[in-house]
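Peer 1: Below you'll find run_14.cif; it's mmCIF, C-alpha atoms.
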```cif
data_coords
loop_
_atom_site.label_atom_id
_atom_site.label_comp_id
_atom_site.auth_asym_id
_atom_site.auth_seq_id
_atom_site.Cartn_x
_atom_site.Cartn_y
_atom_site.Cartn_z
CA MET A 22 13.20 9.56 24.27
CA HIS A 23 10.44 6.95 24.07
CA LEU A 24 10.71 4.41 26.91
CA LYS A 25 10.36 1.47 24.52
CA ALA A 26 13.35 2.73 22.49
CA LEU A 27 15.49 2.92 25.64
CA GLU A 28 14.52 -0.65 26.54
CA LEU A 29 15.54 -1.89 23.09
CA VAL A 30 18.88 -0.06 23.20
CA LYS A 31 19.61 -1.73 26.55
CA LYS A 32 18.55 -5.09 25.10
CA TYR A 33 20.87 -4.54 22.12
CA GLU A 34 23.82 -3.93 24.47
CA GLU A 35 22.97 -7.02 26.54
CA MET A 36 22.80 -9.11 23.35
CA GLY A 37 26.27 -7.86 22.39
CA GLU A 38 27.68 -8.90 25.76
CA LYS A 39 26.05 -12.33 25.49
CA LEU A 40 27.37 -12.86 21.96
CA SER A 41 30.91 -12.01 23.11
CA ARG A 42 30.73 -14.90 25.60
CA MET A 43 29.36 -17.43 23.07
CA GLN A 44 31.10 -19.59 20.51
CA PRO A 45 30.27 -18.16 17.03
CA THR A 46 28.59 -21.39 15.95
CA GLY A 47 25.22 -23.06 16.32
CA GLN A 48 21.61 -21.96 15.79
CA GLU A 49 21.34 -20.04 19.08
CA TYR A 50 24.29 -17.80 18.17
CA ILE A 51 22.97 -17.23 14.63
CA LYS A 52 19.47 -16.32 15.87
CA LEU A 53 20.79 -13.96 18.56
CA ALA A 54 23.13 -12.26 16.06
CA LYS A 55 20.22 -11.80 13.62
CA ASP A 56 17.91 -10.39 16.32
CA ARG A 57 20.63 -7.95 17.36
CA ALA A 58 21.26 -6.91 13.73
CA ASP A 59 17.53 -6.17 13.38
CA LEU A 60 17.81 -3.68 16.27
CA GLN A 61 20.93 -1.97 14.93
CA PRO A 62 19.19 0.72 12.78
CA LEU A 63 17.12 1.83 15.78
CA VAL A 64 20.19 1.91 18.06
CA GLU A 65 22.17 3.95 15.51
CA LYS A 66 19.30 6.44 15.29
CA TYR A 67 19.17 6.59 19.11
CA HIS A 68 22.86 7.55 19.20
CA GLU A 69 22.17 10.25 16.58
CA VAL A 70 19.54 11.73 18.91
CA ALA A 71 21.93 11.56 21.87
CA LYS A 72 24.61 13.33 19.82
CA ALA A 73 22.13 16.05 18.78
CA GLU A 74 21.04 16.52 22.40
CA LYS A 75 24.67 16.98 23.48
CA GLU A 76 25.24 19.58 20.75
CA ILE A 77 22.01 21.36 21.72
CA ALA A 78 23.22 21.56 25.34
CA ASN A 79 26.55 23.04 24.19
CA ASN A 80 24.80 25.69 22.09
CA LEU A 81 22.50 26.62 24.97
CA GLU A 82 25.57 27.15 27.13
CA LEU A 83 27.01 29.49 24.48
CA LEU A 84 23.74 31.45 24.33
CA ASN A 85 23.84 31.95 28.10
CA SER A 86 27.54 32.79 28.18
CA ASN A 87 29.43 36.07 27.90
CA GLU A 88 30.45 35.40 24.30
CA ASP A 89 30.02 38.21 21.75
CA ASP A 90 26.79 38.64 19.76
CA GLU A 91 28.19 37.11 16.54
CA ILE A 92 29.01 33.82 18.26
CA LYS A 93 25.62 33.81 19.98
CA LYS A 94 23.92 34.40 16.62
CA MET A 95 25.74 31.40 15.13
CA ALA A 96 24.84 29.31 18.19
CA LYS A 97 21.14 30.25 17.78
CA GLU A 98 21.16 29.25 14.08
CA ASP A 99 22.86 25.93 14.92
CA LEU A 100 20.36 25.37 17.73
CA ASP A 101 17.36 25.73 15.39
CA GLN A 102 18.85 23.24 12.93
CA LEU A 103 19.78 20.78 15.70
CA ASN A 104 16.28 20.87 17.17
CA GLN A 105 14.80 20.15 13.74
CA LYS A 106 17.27 17.32 13.20
CA LYS A 107 16.49 15.84 16.63
CA GLU A 108 12.76 15.97 15.93
CA VAL A 109 13.24 14.12 12.62
CA PHE A 110 15.39 11.46 14.30
CA GLU A 111 12.83 10.96 17.08
CA LYS A 112 10.02 10.52 14.54
CA GLU A 113 12.13 7.96 12.68
CA ILE A 114 12.69 6.06 15.93
CA LEU A 115 8.96 6.06 16.66
CA SER A 116 8.32 4.78 13.12
CA MET A 117 10.67 1.88 13.83
CA LEU A 118 8.68 1.09 16.99
CA LEU A 119 5.39 0.84 15.09
CA PRO A 120 3.92 -2.67 14.90
CA LYS A 121 4.59 -4.15 11.47
CA ASP A 122 1.68 -5.06 9.18
CA GLU A 123 2.19 -8.74 8.39
CA MET A 124 0.62 -8.19 4.97
CA GLU A 125 3.01 -5.39 3.90
CA SER A 126 5.29 -7.60 1.83
CA LYS A 127 2.49 -9.57 0.15
CA ASN A 128 1.86 -9.49 -3.57
CA ILE A 129 -1.60 -8.26 -4.52
CA ILE A 130 -4.65 -8.84 -6.66
CA VAL A 131 -6.46 -5.67 -7.76
CA GLU A 132 -10.03 -5.40 -9.06
CA ILE A 133 -11.15 -2.23 -10.87
CA ARG A 134 -14.83 -1.91 -11.76
CA ALA A 135 -16.66 0.84 -13.60
CA GLY A 136 -19.27 2.57 -11.43
CA THR A 137 -21.80 5.25 -12.24
CA GLY A 138 -21.34 7.04 -15.55
CA GLY A 139 -21.81 4.46 -18.32
CA ASP A 140 -19.13 4.40 -21.02
CA GLU A 141 -17.22 7.26 -19.37
CA ALA A 142 -16.96 5.25 -16.11
CA ALA A 143 -15.57 2.31 -18.08
CA ILE A 144 -13.03 4.58 -19.81
CA PHE A 145 -12.00 5.93 -16.39
CA ALA A 146 -11.59 2.37 -15.10
CA GLY A 147 -9.26 1.79 -18.04
CA ASP A 148 -7.36 4.98 -17.20
CA LEU A 149 -6.86 3.79 -13.61
CA PHE A 150 -5.62 0.43 -14.85
CA ARG A 151 -3.08 2.13 -17.13
CA MET A 152 -2.01 4.44 -14.27
CA TYR A 153 -1.33 1.46 -11.99
CA SER A 154 0.40 -0.41 -14.84
CA ARG A 155 2.82 2.47 -15.40
CA TYR A 156 3.37 2.91 -11.67
CA ALA A 157 4.21 -0.82 -11.37
CA GLU A 158 6.59 -0.50 -14.32
CA ILE A 159 8.37 2.47 -12.68
CA LYS A 160 8.69 0.47 -9.42
CA ARG A 161 9.96 -2.57 -11.41
CA TRP A 162 7.07 -4.72 -10.22
CA ARG A 163 5.53 -7.42 -12.42
CA LEU A 164 1.90 -6.96 -13.44
CA GLU A 165 -0.24 -9.77 -14.87
CA VAL A 166 -3.82 -9.41 -16.13
CA LEU A 167 -6.00 -12.20 -14.74
CA ASP A 168 -9.39 -11.29 -16.18
CA PHE A 169 -11.13 -8.40 -17.91
CA ASN A 170 -14.36 -7.34 -19.58
CA ASP A 171 -13.63 -4.52 -22.00
CA THR A 172 -16.07 -2.16 -23.70
CA GLY A 173 -14.24 -1.68 -26.98
CA LEU A 174 -13.83 2.06 -26.27
CA GLY A 175 -10.54 1.74 -24.43
CA GLY A 176 -12.42 1.11 -21.21
CA TYR A 177 -13.27 -1.80 -18.93
CA LYS A 178 -16.43 -2.80 -17.15
CA GLU A 179 -14.00 -4.65 -14.93
CA VAL A 180 -10.35 -5.67 -14.96
CA VAL A 181 -8.54 -7.94 -12.49
CA PHE A 182 -4.76 -8.11 -12.29
CA SER A 183 -1.96 -9.16 -9.97
CA VAL A 184 1.17 -7.23 -9.05
CA LYS A 185 4.29 -8.91 -7.70
CA GLY A 186 7.34 -7.23 -6.17
CA LYS A 187 8.90 -5.83 -3.03
CA ASP A 188 6.39 -4.43 -0.49
CA VAL A 189 3.64 -4.18 -3.12
CA TYR A 190 0.72 -4.37 -0.68
CA GLY A 191 2.39 -1.80 1.57
CA HIS A 192 2.13 0.73 -1.28
CA PHE A 193 -1.15 -0.30 -2.94
CA LYS A 194 -3.26 -0.88 0.20
CA PHE A 195 -4.45 2.75 0.22
CA GLU A 196 -6.08 2.46 -3.22
CA SER A 197 -9.21 0.55 -2.15
CA GLY A 198 -12.34 2.68 -2.42
CA VAL A 199 -14.35 4.76 -4.88
CA HIS A 200 -12.40 6.97 -7.28
CA ARG A 201 -14.34 9.87 -8.84
CA VAL A 202 -13.49 11.58 -12.12
CA GLN A 203 -14.67 15.01 -13.34
CA ARG A 204 -14.03 15.79 -17.02
CA ILE A 205 -15.59 16.35 -20.41
CA PRO A 206 -16.14 12.92 -21.98
CA VAL A 207 -15.01 12.33 -25.58
CA THR A 208 -18.63 11.45 -26.35
CA GLU A 209 -19.93 14.80 -24.99
CA ALA A 210 -20.77 17.16 -27.83
CA GLY A 211 -21.89 20.05 -25.60
CA GLY A 212 -18.61 20.38 -23.71
CA ARG A 213 -20.19 19.73 -20.31
CA ILE A 214 -18.21 18.26 -17.43
CA HIS A 215 -19.49 14.87 -16.31
CA THR A 216 -18.84 13.04 -13.04
CA SER A 217 -18.22 9.29 -13.13
CA THR A 218 -16.80 6.73 -10.73
CA ALA A 219 -14.81 3.52 -10.62
CA SER A 220 -14.21 1.30 -7.62
CA VAL A 221 -10.88 -0.29 -6.71
CA VAL A 222 -10.34 -3.25 -4.38
CA VAL A 223 -6.80 -4.25 -3.40
CA LEU A 224 -6.39 -7.74 -1.93
CA PRO A 225 -3.17 -9.19 -0.49
CA GLU A 226 -2.50 -12.38 -2.44
CA ALA A 227 -2.87 -15.48 -0.29
CA ASP A 228 -0.56 -18.46 -0.36
CA GLU A 229 -2.10 -21.91 -0.04
CA VAL A 230 -0.86 -22.05 3.56
CA ASP A 231 -2.72 -18.78 4.33
CA VAL A 232 -6.11 -20.11 3.29
CA GLN A 233 -7.26 -23.72 3.47
CA ILE A 234 -9.91 -24.56 0.85
CA ASP A 235 -11.78 -27.86 0.90
CA PRO A 236 -12.30 -29.02 -2.72
CA LYS A 237 -15.72 -30.31 -1.67
CA ASP A 238 -16.80 -26.70 -1.04
CA LEU A 239 -16.17 -25.73 -4.66
CA LYS A 240 -18.53 -25.78 -7.61
CA VAL A 241 -16.61 -25.42 -10.87
CA ASP A 242 -18.36 -24.46 -14.12
CA VAL A 243 -16.73 -24.11 -17.52
CA PHE A 244 -18.16 -21.98 -20.29
CA ARG A 245 -17.26 -20.45 -23.60
CA ALA A 246 -15.18 -17.30 -23.23
CA SER A 247 -16.46 -14.06 -24.74
CA GLY A 248 -14.90 -10.79 -25.84
CA ALA A 249 -11.62 -10.18 -27.60
CA GLY A 250 -9.37 -13.11 -28.39
CA GLY A 251 -10.03 -14.11 -31.97
CA GLN A 252 -11.78 -17.20 -33.30
CA TYR A 253 -9.99 -19.69 -31.03
CA ILE A 254 -11.26 -18.26 -27.76
CA ASN A 255 -14.90 -18.40 -28.89
CA LYS A 256 -14.76 -22.04 -29.99
CA THR A 257 -13.57 -23.59 -26.72
CA ASP A 258 -15.04 -23.95 -23.23
CA SER A 259 -11.92 -22.44 -21.67
CA ALA A 260 -13.49 -19.96 -19.24
CA VAL A 261 -13.91 -21.07 -15.62
CA ARG A 262 -16.33 -20.00 -12.89
CA ILE A 263 -15.74 -21.16 -9.31
CA THR A 264 -18.32 -20.86 -6.53
CA HIS A 265 -17.20 -21.26 -2.93
CA ALA A 266 -20.30 -22.59 -1.17
CA PRO A 267 -19.55 -21.63 2.50
CA SER A 268 -18.84 -17.97 1.70
CA GLY A 269 -20.96 -17.56 -1.43
CA ILE A 270 -17.99 -15.98 -3.23
CA VAL A 271 -18.04 -16.44 -7.01
CA VAL A 272 -15.01 -15.81 -9.22
CA ALA A 273 -14.66 -16.24 -12.98
CA CYS A 274 -11.67 -16.13 -15.27
CA GLN A 275 -11.44 -16.24 -19.08
CA GLU A 276 -8.25 -14.34 -19.87
CA GLU A 277 -6.13 -17.44 -20.58
CA ARG A 278 -6.75 -19.76 -23.51
CA SER A 279 -6.31 -22.88 -21.38
CA GLN A 280 -9.06 -24.03 -19.01
CA LEU A 281 -6.32 -25.20 -16.62
CA GLN A 282 -4.69 -21.75 -16.58
CA ASN A 283 -8.02 -20.02 -16.05
CA ARG A 284 -8.81 -22.35 -13.16
CA ALA A 285 -5.44 -21.59 -11.55
CA SER A 286 -6.04 -17.84 -11.93
CA ALA A 287 -9.57 -18.15 -10.52
CA MET A 288 -8.22 -20.03 -7.49
CA ARG A 289 -5.66 -17.26 -6.89
CA ILE A 290 -8.47 -14.69 -6.87
CA LEU A 291 -10.66 -16.87 -4.64
CA ARG A 292 -7.87 -17.40 -2.09
CA ALA A 293 -7.23 -13.63 -1.99
CA LYS A 294 -10.94 -12.93 -1.44
CA LEU A 295 -11.18 -15.49 1.37
CA LEU A 296 -8.09 -14.04 3.05
CA ASP A 297 -9.65 -10.58 2.73
CA VAL A 298 -12.80 -11.82 4.50
CA GLU A 299 -10.63 -12.99 7.40
CA LEU A 300 -8.71 -9.71 7.49
CA GLN A 301 -11.96 -7.71 7.51
CA LYS A 302 -13.22 -9.75 10.47
CA LYS A 303 -9.93 -9.20 12.26
CA ALA A 304 -10.09 -5.46 11.54
CA GLN A 305 -13.40 -5.23 13.40
CA THR A 306 -11.70 -6.35 16.62
CA GLU A 307 -8.39 -4.52 16.18
CA THR A 308 -7.21 -2.03 18.76
CA THR A 309 -7.14 1.67 17.90
CA LEU A 310 -3.39 1.31 17.39
CA ARG A 311 -3.88 -0.89 14.35
CA ARG A 312 -6.76 1.02 12.77
CA SER A 313 -6.25 3.67 10.15
CA ALA A 314 -8.58 6.24 8.63
CA ILE A 315 -6.48 5.97 5.49
CA ARG A 316 -7.16 2.26 5.16
CA SER A 317 -10.50 1.76 6.87
CA GLY A 318 -11.60 -1.16 4.70
CA ASP A 319 -14.81 0.66 3.68
CA ARG A 320 -14.85 -0.07 -0.05
CA SER A 321 -17.84 2.24 -0.63
CA GLU A 322 -15.96 5.30 0.61
CA LYS A 323 -15.12 8.02 -1.93
CA ILE A 324 -11.37 8.40 -1.49
CA ARG A 325 -10.24 10.59 -4.40
CA THR A 326 -11.40 13.04 -7.02
CA TYR A 327 -9.61 13.35 -10.37
CA ASN A 328 -10.49 16.74 -11.89
CA PHE A 329 -9.08 16.86 -15.42
CA PRO A 330 -10.06 20.47 -16.38
CA GLN A 331 -8.05 21.75 -13.38
CA ASN A 332 -5.31 19.08 -13.64
CA ARG A 333 -6.12 18.44 -9.98
CA LEU A 334 -6.17 15.33 -7.81
CA THR A 335 -7.63 15.47 -4.30
CA ASP A 336 -7.29 12.68 -1.74
CA HIS A 337 -10.18 13.34 0.65
CA ARG A 338 -8.85 11.13 3.46
CA ILE A 339 -5.70 13.17 4.05
CA SER A 340 -6.83 16.52 2.59
CA LEU A 341 -4.10 16.41 -0.04
CA THR A 342 -4.44 18.30 -3.33
CA LEU A 343 -1.90 17.98 -6.14
CA TYR A 344 -2.00 19.94 -9.39
CA LYS A 345 -0.15 17.31 -11.42
CA LEU A 346 -2.93 14.97 -12.47
CA ASP A 347 -1.43 14.48 -15.92
CA MET A 348 1.80 13.17 -14.36
CA ILE A 349 -0.05 10.98 -11.85
CA MET A 350 -2.17 9.36 -14.58
CA ASN A 351 1.10 8.57 -16.33
CA GLY A 352 2.27 6.55 -13.33
CA ASP A 353 4.02 9.24 -11.26
CA CYS A 354 2.25 8.20 -8.05
CA ASN A 355 5.11 8.30 -5.54
CA GLU A 356 4.22 11.65 -3.95
CA LEU A 357 0.57 10.64 -3.60
CA ILE A 358 1.18 7.19 -2.12
CA ASN A 359 4.05 8.33 0.11
CA ALA A 360 1.71 10.97 1.57
CA CYS A 361 -0.78 8.21 2.46
CA ILE A 362 1.98 6.13 4.05
CA MET A 363 3.18 9.13 6.10
CA SER A 364 -0.34 9.98 7.20
CA GLU A 365 -0.99 6.44 8.40
CA GLN A 366 2.31 6.41 10.29
CA GLU A 367 1.44 9.71 11.97
CA GLU A 368 -1.89 8.28 13.13
CA LEU A 369 -0.17 5.24 14.57
CA LEU A 370 2.47 7.42 16.23
CA LYS A 371 -0.28 9.43 17.96
CA SER A 372 -1.78 6.17 19.21
CA LEU A 373 1.65 5.12 20.51
CA GLY A 374 1.92 8.38 22.41
#
```
So, in terms of structure tokens, how does the structure I just supplied come out?
Peer 2:
Amino acid sequence: MHLKALELVKKYEEMGEKLSRMQPTGQEYIKLAKDRADLQPLVEKYHEVAKAEKEIANNLELLNSNEDDEIKKMAKEDLDQLNQKKEVFEKEILSMLLPKDEMESKNIIVEIRAGTGGDEAAIFAGDLFRMYSRYAEIKRWRLEVLDFNDTGLGGYKEVVFSVKGKDVYGHFKFESGVHRVQRIPVTEAGGRIHTSTASVVVLPEADEVDVQIDPKDLKVDVFRASGAGGQYINKTDSAVRITHAPSGIVVACQEERSQLQNRASAMRILRAKLLDVELQKKAQTETTLRRSAIRSGDRSEKIRTYNFPQNRLTDHRISLTLYKLDMIMNGDCNELINACIMSEQEELLKSLG
């Protein structure tokens, strides 16, 4: 058993003894009780391992005894199952010991931009947006479009949206990078397969306390919105562009009809981008334990290929291939994203030793 787990089990028992001697009132009691409750899942899993180890020892005794062959055969089958169960429990304990990513529970802002491939790249960007929208709907998360620039062909040159819900960043953080599509475009008369790309950036959404912005550092421009929206949107200077002088970051928003709403949305995007800059700097100095090949932060990296003729999706970071692309594009992303989560955990577990 991992030494750290044993230390925490001992700490849990000591907390219980201390609580039994305290009056069940006051902030100290409440905090200690909460800290102990946080350790309870790990302690319960530890006892499951101890129980499995005891049963393994009993079965080994049977195998080395003078019992008949039928009983030994049953003991061998039980032993195989118990060893598998023990291994699963030990991995779960190690997962509980992993350092928690403070951003896991954050809401997110996602930017999807068409890459190489012209109209087909824009259509693919739109497909990715619809895939994430359906995935968010399945997970009962709330998605809000903040800004977009559509092509009129069902595609987007770029689309920016937020997603709010439980552990959103923890699931979406693996999506940043270049996504490549291979298929026959609707505009292709010769039936040839084309390759196009779209880039995705996932930013944890920053609260005002996370990022301090001096109003003096901002240059705010208003301009007339363009694109879909009817006559009203083209007659008013409702769109907003904000430039943050120290970082050089520029964000624009024209999705809302109100200049005030667009400014608020632009500030949300700006805060997320500034937080991301800080996180990228921090990532450069992180220990190996906190790094992950799954989430390296390299936004130019090609992370996936979506091959429509073969109904195949390949995630190049974890060497995963799934032949259910039609289902994934319809929002069935759990298997894909869970595989990324598991792979990252395995890397961290190796670092833990």
Peer 1: If we count only C-alpha atoms and set the cut-off at 10 Å, which residues sit around Ile349 of chain A, ignoring sequence neighbours fewer than 5 positions away in its own chain? Please answer as a PyMOL selection string.
Peer 2: chain A and resi 152-153+155-156+327+332-334+343-344+354-357
Peer 1: Check what the PyMOL selection byres ((chain A and resi 240) around 7) selects in the file above and give those residues as a VMD selection string.
Peer 2: chain A and resid 238 to 239 241 to 242 263 to 265
Peer 1: Taking (-17.9, 16.1, -22.5) in the file's coordinates as the center, which residues reach within 12 Å of it, counting all atoms listed in the file, put as a PyMOL selection string?
Peer 2: chain A and resi 138+140-141+203-217+329-330
Peer 1: Considering only C-alpha atoms, return as a PyMOL selection string whatever protein or nucleic-acid residues lie within 12 Å of Val223 of chain A, sequence-local ones (same chain, fewer than 4 positions apart) excluded.
Peer 2: chain A and resi 124+127-134+153+181-184+189-199+290+293-294+296-297+316+318-320
Peer 1: Tell me which of A:Leu341, A:Leu164, A:Ala227, A:Leu346 sits closest to Leu295 of chain A, counting all atoms listed in the file.
Peer 2: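 That would be A:Ala227, the residue with the smallest distance to Leu295 of chain A.
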Peer 1: Please build the interface table for segment 134-221 of chain A against segment 257-262 of chain A with a cut-off of 12 Å, listing for each qualifying residue the nearest atom pair and the distance in Å to one decimal; count all atoms listed in the file, order rows by chain and increasing number, and write it as a tab-separated table.
Peer 2:
```
residue	atom	partner	partner_atom	distance
A:Leu167	CA	A:Ala260	CA	11.7
A:Asp168	CA	A:Ala260	CA	10.1
A:Phe169	CA	A:Ala260	CA	11.9
```
Peer 1: Expand the PyMOL selection byres ((chain A and resi 326) around 7) into the individual residues it matches in the shown file, reporting them as an MDAnalysis selection string.
Peer 2: chainID A and resid 200:202 325 327:328 334:336
Peer 1: Point out the residue among A:Gly147, A:Gly176, A:Pro225, A:Pro62 with the least atom-to-atom distance to Glu113 of chain A, counting all atoms listed in the file.
Peer 2: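 Closest to Glu113 of chain A of all the choices is A:Pro62.
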Peer 1: List the spatial neighbours of Tyr177 of chain A as number ranges by chain - criterion: any atom at most 8 Å away, only C-alpha atoms, same-chain residues fewer than 3 positions off excluded.
Peer 2: A: 134-135, 143-144, 146-147, 169-172, 180
Peer 1: Using Å and a single decimal, report how far atom CA of Ala26 of chain A sits from atom CA of Tyr50 of chain A.
Peer 2: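 It comes out at 23.7 Å.
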Peer 1: N, CA and C atoms are needed for segment 83-103 of chain A; please write them out as a PDB file, in the frame of the given file.
Peer 2:
```
ATOM      1  N   LEU A  83      26.454  28.325  25.182  1.00  0.00           N
ATOM      2  CA  LEU A  83      27.010  29.490  24.480  1.00  0.00           C
ATOM      3  C   LEU A  83      26.053  30.674  24.521  1.00  0.00           C
ATOM      4  N   LEU A  84      24.740  30.369  24.327  1.00  0.00           N
ATOM      5  CA  LEU A  84      23.740  31.450  24.330  1.00  0.00           C
ATOM      6  C   LEU A  84      23.665  32.136  25.690  1.00  0.00           C
ATOM      7  N   ASN A  85      23.936  31.396  26.760  1.00  0.00           N
ATOM      8  CA  ASN A  85      23.840  31.950  28.100  1.00  0.00           C
ATOM      9  C   ASN A  85      25.196  32.405  28.657  1.00  0.00           C
ATOM     10  N   SER A  86      26.182  32.409  27.753  1.00  0.00           N
ATOM     11  CA  SER A  86      27.540  32.790  28.180  1.00  0.00           C
ATOM     12  C   SER A  86      27.791  34.265  27.908  1.00  0.00           C
ATOM     13  N   ASN A  87      29.037  34.676  28.145  1.00  0.00           N
ATOM     14  CA  ASN A  87      29.430  36.070  27.900  1.00  0.00           C
ATOM     15  C   ASN A  87      30.079  36.264  26.534  1.00  0.00           C
ATOM     16  N   GLU A  88      29.876  35.291  25.639  1.00  0.00           N
ATOM     17  CA  GLU A  88      30.450  35.400  24.300  1.00  0.00           C
ATOM     18  C   GLU A  88      29.832  36.586  23.555  1.00  0.00           C
ATOM     19  N   ASP A  89      30.533  37.052  22.498  1.00  0.00           N
ATOM     20  CA  ASP A  89      30.020  38.210  21.750  1.00  0.00           C
ATOM     21  C   ASP A  89      28.775  37.823  20.939  1.00  0.00           C
ATOM     22  N   ASP A  90      28.092  38.840  20.440  1.00  0.00           N
ATOM     23  CA  ASP A  90      26.790  38.640  19.760  1.00  0.00           C
ATOM     24  C   ASP A  90      26.908  37.778  18.509  1.00  0.00           C
ATOM     25  N   GLU A  91      28.028  37.887  17.771  1.00  0.00           N
ATOM     26  CA  GLU A  91      28.190  37.110  16.540  1.00  0.00           C
ATOM     27  C   GLU A  91      28.227  35.614  16.835  1.00  0.00           C
ATOM     28  N   ILE A  92      28.943  35.237  17.881  1.00  0.00           N
ATOM     29  CA  ILE A  92      29.010  33.820  18.260  1.00  0.00           C
ATOM     30  C   ILE A  92      27.647  33.340  18.748  1.00  0.00           C
ATOM     31  N   LYS A  93      26.957  34.181  19.505  1.00  0.00           N
ATOM     32  CA  LYS A  93      25.620  33.810  19.980  1.00  0.00           C
ATOM     33  C   LYS A  93      24.636  33.634  18.822  1.00  0.00           C
ATOM     34  N   LYS A  94      24.779  34.491  17.804  1.00  0.00           N
ATOM     35  CA  LYS A  94      23.920  34.400  16.620  1.00  0.00           C
ATOM     36  C   LYS A  94      24.145  33.069  15.906  1.00  0.00           C
ATOM     37  N   MET A  95      25.412  32.681  15.763  1.00  0.00           N
ATOM     38  CA  MET A  95      25.740  31.400  15.130  1.00  0.00           C
ATOM     39  C   MET A  95      25.216  30.235  15.969  1.00  0.00           C
ATOM     40  N   ALA A  96      25.334  30.364  17.295  1.00  0.00           N
ATOM     41  CA  ALA A  96      24.840  29.310  18.190  1.00  0.00           C
ATOM     42  C   ALA A  96      23.324  29.161  18.064  1.00  0.00           C
ATOM     43  N   LYS A  97      22.609  30.281  17.919  1.00  0.00           N
ATOM     44  CA  LYS A  97      21.140  30.250  17.780  1.00  0.00           C
ATOM     45  C   LYS A  97      20.748  29.570  16.474  1.00  0.00           C
ATOM     46  N   GLU A  98      21.459  29.881  15.374  1.00  0.00           N
ATOM     47  CA  GLU A  98      21.160  29.250  14.080  1.00  0.00           C
ATOM     48  C   GLU A  98      21.412  27.739  14.152  1.00  0.00           C
ATOM     49  N   ASP A  99      22.550  27.359  14.763  1.00  0.00           N
ATOM     50  CA  ASP A  99      22.860  25.930  14.920  1.00  0.00           C
ATOM     51  C   ASP A  99      21.799  25.238  15.777  1.00  0.00           C
ATOM     52  N   LEU A 100      21.350  25.947  16.806  1.00  0.00           N
ATOM     53  CA  LEU A 100      20.360  25.370  17.730  1.00  0.00           C
ATOM     54  C   LEU A 100      19.052  25.057  17.010  1.00  0.00           C
ATOM     55  N   ASP A 101      18.597  25.951  16.157  1.00  0.00           N
ATOM     56  CA  ASP A 101      17.360  25.730  15.390  1.00  0.00           C
ATOM     57  C   ASP A 101      17.492  24.498  14.502  1.00  0.00           C
ATOM     58  N   GLN A 102      18.623  24.378  13.817  1.00  0.00           N
ATOM     59  CA  GLN A 102      18.850  23.240  12.930  1.00  0.00           C
ATOM     60  C   GLN A 102      18.940  21.925  13.719  1.00  0.00           C
ATOM     61  N   LEU A 103      19.622  21.988  14.879  1.00  0.00           N
ATOM     62  CA  LEU A 103      19.780  20.780  15.700  1.00  0.00           C
ATOM     63  C   LEU A 103      18.447  20.315  16.264  1.00  0.00           C
TER      64      LEU A 103
END
```
